[in-house]
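Written below as structure tokens is the structure these notes are about.
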Amino acid sequence: MFSLSKVIRPHILSLTPYSSARDEYSGSEGTFLDANENPFGSVISGNYNRYPDPYQSVVKEKLATIKKVRPTQIFLGNGSDEAIDLVIRATCEPQQDNILILPPTYGMYKVCADVQNIAVKQVPLTPDFQVDTKKVLETADANTKIIWICSPNNPSGNIIERASILHILDNFKTGLVVVDEAYIDFASEESFTQLLDKYPNLVVMQTFSKAWGLAALRLGMAFASEEIIKILNKIKYPYNLNGVTQKLLYAALGKEEKKDKYVKQVLKERERLHKKLADLSIVKHIFPSDSNQLLVKFTDANAIFHYLIEQKIITRLRSSVILCENCIRISVGTKKENEILLKALKKY
Ligand SMILES: *Cc1c(COP(=O)(O)O)cnc(C)c1O
């Protein structure tokens, strides 16, 4: 049986959070003399003089409809990176607890743990970038507070088999299972957000940085039980999402069809890029992708990466990463950008 109070650090459970002016009075009408703001306005045009809603209720209401969850199951952060950091800080006691990651994967899980002096257990993915669930469950110990599953995975690009994730959710009850779905918009699989009511140990993360095209705004989402979201809200900076970002997000949420159109374009370009890359003799293998990245094995990734840099074409060299020997990760660009890359590779 999963018990959240055994997973959250005891002092976080009992901590009294900062109570902001907007916590103590959350109405929007009235004469506001409570937050020491400038009552006249801002020094630049636009009204930025009032503190924003600390819980982003208006945007969460709209997002909840799109994601088919309840607003109380949503945490919004300054990038997913904020959510990653907070989930670790809520659960892991430094020098005592640990997290478990499945390399090759997104780098921030380990960095956030390292910053807090929290041990990181690693169970590599299989050569086809799937999860060795038996090994994962054997490696997790009584102090493992989080198992991170990135699906579709970065840098390999593939979706993790649904049955593997379910198996871990069903059998790891002493901590949280975080499914990072930063690239879910590009995949044909359904999101794990629809299983939140079934799995109190589940946290799903998504982001506006990829398919939605809002990386500069820094907007990440975490979906979990109302109890977990309450803990994250308790330890976040009170006004973690600024008012400008909240307004822009509200507008963006009305443009879901445009996001879907971008996704279609990316998928079409990904297929084209894949086909053309496969024709090149310097390309040894292209891993199947359910995202907007292609992990490509070359004859000599280091030399090719630096050759591309000389042409001002910037890709991500992954050759020193486990299971990614001689690999370069390529983000799918526009047709024009992909052509520039292909032309340079042909000349190599
Ligand atoms: C890009 C990416 C993110 C997004 O992080 P943000 O802080 O929201 O920009 C999260 N997880 C993975 C696996 C990613 O590749």
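FYI, nothing fancy with the structure tokens labels: chains A, B, ... in order, residues from 1 per chain, ligands from 1 as they appear.
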Using only C-alpha atoms and all ligand atoms, what are the residues with an atom within 6 Å of ligand 1, set out as a list of chain:residue names?
A:Gly79, A:Ser80, A:Asp81, A:Tyr106, A:Cys150, A:Asn154, A:Asp180, A:Ala182, A:Thr207, A:Ser209, A:Ala215, A:Arg218, A:Leu219, A:Gly220
Would you kindly return, as a list in words, each protein, DNA or RNA residue with an atom no farther than 10 Å from any atom of Asn233 of chain A, considering only C-alpha atoms and excluding same-chain residues fewer than 5 positions away?
Pro17, Pro54, Tyr55, Ile74, Phe75, Leu76, Gly77, Leu86, Ile228, Pro238 and Asn240 of chain A
Those same residues, written as a compact mmCIF listing (two decimals), in the first residue's frame with all heavy atoms?
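Printed below is result-v9.txt as written:
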```txt
# COMPACT_ATOMS: atom_id res chain seq x y z
N PRO A 17 4.00 26.90 5.36
CA PRO A 17 4.51 27.65 4.22
C PRO A 17 4.35 29.16 4.40
O PRO A 17 3.58 29.60 5.25
CB PRO A 17 3.65 27.15 3.06
CG PRO A 17 2.38 26.68 3.68
CD PRO A 17 2.73 26.22 5.08
N PRO A 54 -0.73 33.41 -7.08
CA PRO A 54 0.31 32.42 -6.76
C PRO A 54 -0.05 30.99 -7.19
O PRO A 54 0.83 30.15 -7.32
CB PRO A 54 0.44 32.50 -5.23
CG PRO A 54 -0.75 33.23 -4.74
CD PRO A 54 -1.31 34.03 -5.87
N TYR A 55 -1.35 30.71 -7.37
CA TYR A 55 -1.75 29.35 -7.75
C TYR A 55 -2.28 29.25 -9.19
O TYR A 55 -2.78 28.22 -9.61
CB TYR A 55 -2.78 28.80 -6.74
CG TYR A 55 -2.20 28.80 -5.36
CD1 TYR A 55 -2.66 29.70 -4.40
CD2 TYR A 55 -1.13 27.97 -5.05
CE1 TYR A 55 -2.07 29.75 -3.15
CE2 TYR A 55 -0.53 28.02 -3.80
CZ TYR A 55 -1.00 28.90 -2.85
OH TYR A 55 -0.41 28.96 -1.62
N ILE A 74 -2.94 19.75 -10.85
CA ILE A 74 -1.94 20.42 -11.68
C ILE A 74 -0.99 21.29 -10.85
O ILE A 74 -1.44 22.08 -10.01
CB ILE A 74 -2.61 21.34 -12.74
CG1 ILE A 74 -3.62 20.56 -13.58
CG2 ILE A 74 -1.55 21.99 -13.63
CD1 ILE A 74 -4.41 21.45 -14.55
N PHE A 75 0.31 21.14 -11.11
CA PHE A 75 1.31 22.09 -10.61
C PHE A 75 1.95 22.75 -11.83
O PHE A 75 2.28 22.07 -12.80
CB PHE A 75 2.40 21.36 -9.80
CG PHE A 75 3.57 22.24 -9.47
CD1 PHE A 75 3.54 23.07 -8.36
CD2 PHE A 75 4.69 22.26 -10.29
CE1 PHE A 75 4.61 23.91 -8.07
CE2 PHE A 75 5.77 23.11 -10.00
CZ PHE A 75 5.72 23.92 -8.89
N LEU A 76 2.10 24.06 -11.78
CA LEU A 76 2.79 24.76 -12.87
C LEU A 76 4.09 25.34 -12.33
O LEU A 76 4.12 25.92 -11.24
CB LEU A 76 1.92 25.88 -13.43
CG LEU A 76 0.68 25.45 -14.21
CD1 LEU A 76 -0.15 26.66 -14.62
CD2 LEU A 76 1.07 24.64 -15.45
N GLY A 77 5.16 25.17 -13.09
CA GLY A 77 6.46 25.64 -12.63
C GLY A 77 7.22 26.42 -13.67
O GLY A 77 6.86 26.45 -14.85
N LEU A 86 11.64 20.34 -7.22
CA LEU A 86 10.74 20.33 -6.06
C LEU A 86 10.34 18.92 -5.64
O LEU A 86 10.24 18.63 -4.45
CB LEU A 86 9.48 21.16 -6.34
CG LEU A 86 9.67 22.68 -6.43
CD1 LEU A 86 8.32 23.35 -6.64
CD2 LEU A 86 10.34 23.23 -5.17
N ILE A 228 -0.20 15.36 -3.45
CA ILE A 228 1.16 15.65 -3.90
C ILE A 228 1.26 17.10 -4.39
O ILE A 228 2.21 17.81 -4.06
CB ILE A 228 1.61 14.67 -5.03
CG1 ILE A 228 1.69 13.24 -4.48
CG2 ILE A 228 2.94 15.09 -5.64
CD1 ILE A 228 2.00 12.17 -5.53
N PRO A 238 6.55 31.55 -3.66
CA PRO A 238 5.13 31.93 -3.70
C PRO A 238 4.63 32.35 -5.10
O PRO A 238 3.58 31.91 -5.54
CB PRO A 238 5.06 33.10 -2.72
CG PRO A 238 6.17 32.83 -1.75
CD PRO A 238 7.26 32.19 -2.54
N ASN A 240 5.89 31.79 -8.28
CA ASN A 240 6.87 31.16 -9.18
C ASN A 240 6.59 31.40 -10.66
O ASN A 240 7.49 31.38 -11.46
CB ASN A 240 6.98 29.66 -8.88
CG ASN A 240 5.70 28.89 -9.11
OD1 ASN A 240 4.61 29.41 -8.88
ND2 ASN A 240 5.81 27.67 -9.56
```
Which of A:Leu217, A:Ile99, A:Ile229, A:Leu253 sits closest to Glu61 of chain A [using only C-alpha atoms]:
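Closest candidate: A:Leu253.
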For Lys145 of chain A, work out the shell of residues within 10 Å, counting only C-alpha atoms and skipping chain neighbours fewer than 5 positions away, then give it as a list in words.
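So the residues in contact are Lys6, Val7, Ile8, Arg9, Val87, Ile88, Ala90, Thr91, Cys92, Glu93, Asp97, Asn98, Ile99, Leu100, Ala140, Phe172, Lys173, Thr174, Gly175, Leu176 and Val177 of chain A.
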Check the DSSP output for the backbone and give back, as number ranges by chain, the residues of segment 67-170 of chain A in helix (DSSP H, G or I).
A: 67, 71-73, 80-91, 108-115, 133-139, 162-170
Residues within 7 Å of Leu125 of chain A, please, as a PDB file with C-alpha atoms, in the first residue's frame. Count only C-alpha atoms; anything in the same chain fewer than 3 positions from it doesn't count.
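Result written to out_11.pdb:
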```
ATOM      1  CA  LEU A 102      17.481   4.978 -16.343  1.00  0.00           C
ATOM      2  CA  PRO A 103      20.371   6.256 -18.484  1.00  0.00           C
ATOM      3  CA  PRO A 104      20.761   7.419 -21.141  1.00  0.00           C
ATOM      4  CA  PHE A 129      16.243   1.832 -24.997  1.00  0.00           C
ATOM      5  CA  GLN A 130      13.533  -0.020 -23.072  1.00  0.00           C
ATOM      6  CA  VAL A 131      13.277  -0.553 -19.309  1.00  0.00           C
ATOM      7  CA  ASP A 132      14.691  -3.630 -17.553  1.00  0.00           C
TER       8      ASP A 132
END
```
Between atom CA of Cys327 of chain A and atom CA of Ala301 of chain A, measure the distance and give it in Å to one decimal.
5.8 Å
Taking the chain letters and numbering used in this document, name the residues of segment 86-140 of chain A that DSSP puts in strand (DSSP E or B), as a list in words.
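In segment 86-140 of chain A, DSSP puts these residues in strand (DSSP E or B): Asn98, Ile99, Leu100, Ile101, Ala119, Val120, Lys121 and Gln122 of chain A.
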Within 12 Å of segment 303-306 of chain A, counting only C-alpha atoms, which residues show up once you throw out same-chain ones fewer than 5 positions away? Write them as a PyMOL selection string, please.
chain A and resi 282-283+296-298+311-319+326-330+341+344-348
Could those residues be written to a file, using N, CA and C atoms, as a tab-separated table (two decimals), in the first residue's frame?
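Resulting contents of selection_21.tsv:
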```tsv
chain	number	residue	atom	x	y	z
A	282	ILE	N	27.76	7.56	-44.23
A	282	ILE	CA	28.33	7.84	-42.89
A	282	ILE	C	27.34	7.53	-41.77
A	283	VAL	N	26.09	7.28	-42.14
A	283	VAL	CA	25.07	6.97	-41.12
A	283	VAL	C	24.97	5.46	-40.94
A	296	VAL	N	21.18	9.48	-33.99
A	296	VAL	CA	21.78	8.90	-35.19
A	296	VAL	C	23.19	8.40	-34.90
A	297	LYS	N	23.44	7.15	-35.24
A	297	LYS	CA	24.79	6.58	-35.07
A	297	LYS	C	25.58	6.79	-36.36
A	298	PHE	N	26.74	7.43	-36.24
A	298	PHE	CA	27.58	7.72	-37.41
A	298	PHE	C	28.85	6.87	-37.39
A	311	GLN	N	30.49	24.49	-39.94
A	311	GLN	CA	29.50	25.03	-40.90
A	311	GLN	C	28.38	25.78	-40.18
A	312	LYS	N	28.58	26.01	-38.88
A	312	LYS	CA	27.57	26.68	-38.04
A	312	LYS	C	26.25	25.88	-37.97
A	313	ILE	N	26.38	24.56	-38.01
A	313	ILE	CA	25.22	23.69	-37.82
A	313	ILE	C	25.41	23.00	-36.48
A	314	ILE	N	24.50	23.28	-35.55
A	314	ILE	CA	24.71	22.83	-34.19
A	314	ILE	C	23.79	21.67	-33.85
A	315	THR	N	24.40	20.53	-33.54
A	315	THR	CA	23.66	19.35	-33.11
A	315	THR	C	24.16	18.98	-31.72
A	316	ARG	N	23.71	17.89	-31.18
A	316	ARG	CA	24.13	17.51	-29.82
A	316	ARG	C	24.94	16.22	-29.89
A	317	LEU	N	26.21	16.33	-29.53
A	317	LEU	CA	27.08	15.16	-29.52
A	317	LEU	C	26.78	14.30	-28.29
A	318	ARG	N	26.40	13.06	-28.49
A	318	ARG	CA	26.05	12.18	-27.37
A	318	ARG	C	26.98	10.99	-27.26
A	319	SER	N	28.12	11.04	-27.98
A	319	SER	CA	28.96	9.85	-28.11
A	319	SER	C	29.55	9.37	-26.79
A	326	ASN	N	29.17	6.89	-30.62
A	326	ASN	CA	29.15	7.43	-31.98
A	326	ASN	C	27.81	8.03	-32.41
A	327	CYS	N	27.06	8.51	-31.43
A	327	CYS	CA	25.73	9.08	-31.74
A	327	CYS	C	25.70	10.60	-31.63
A	328	ILE	N	24.92	11.16	-32.52
A	328	ILE	CA	24.59	12.58	-32.47
A	328	ILE	C	23.08	12.69	-32.38
A	329	ARG	N	22.61	13.57	-31.51
A	329	ARG	CA	21.17	13.80	-31.41
A	329	ARG	C	20.81	15.02	-32.25
A	330	ILE	N	19.89	14.81	-33.15
A	330	ILE	CA	19.49	15.88	-34.06
A	330	ILE	C	18.05	16.27	-33.79
A	341	LEU	N	21.39	20.86	-43.16
A	341	LEU	CA	22.10	19.76	-42.49
A	341	LEU	C	22.45	18.65	-43.48
A	344	ALA	N	25.21	19.53	-45.94
A	344	ALA	CA	26.53	19.50	-45.31
A	344	ALA	C	26.99	18.06	-45.09
A	345	LEU	N	26.10	17.20	-44.65
A	345	LEU	CA	26.48	15.80	-44.39
A	345	LEU	C	26.86	15.09	-45.68
A	346	LYS	N	26.16	15.43	-46.76
A	346	LYS	CA	26.47	14.81	-48.05
A	346	LYS	C	27.88	15.16	-48.51
A	347	LYS	N	28.27	16.41	-48.20
A	347	LYS	CA	29.60	16.90	-48.62
A	347	LYS	C	30.71	16.30	-47.78
A	348	TYR	N	30.39	15.80	-46.60
A	348	TYR	CA	31.43	15.34	-45.66
A	348	TYR	C	32.26	14.20	-46.24
```
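Atom CA of Val244 of chain A lies 23.1 Å from atom CA of Asp85 of chain A.
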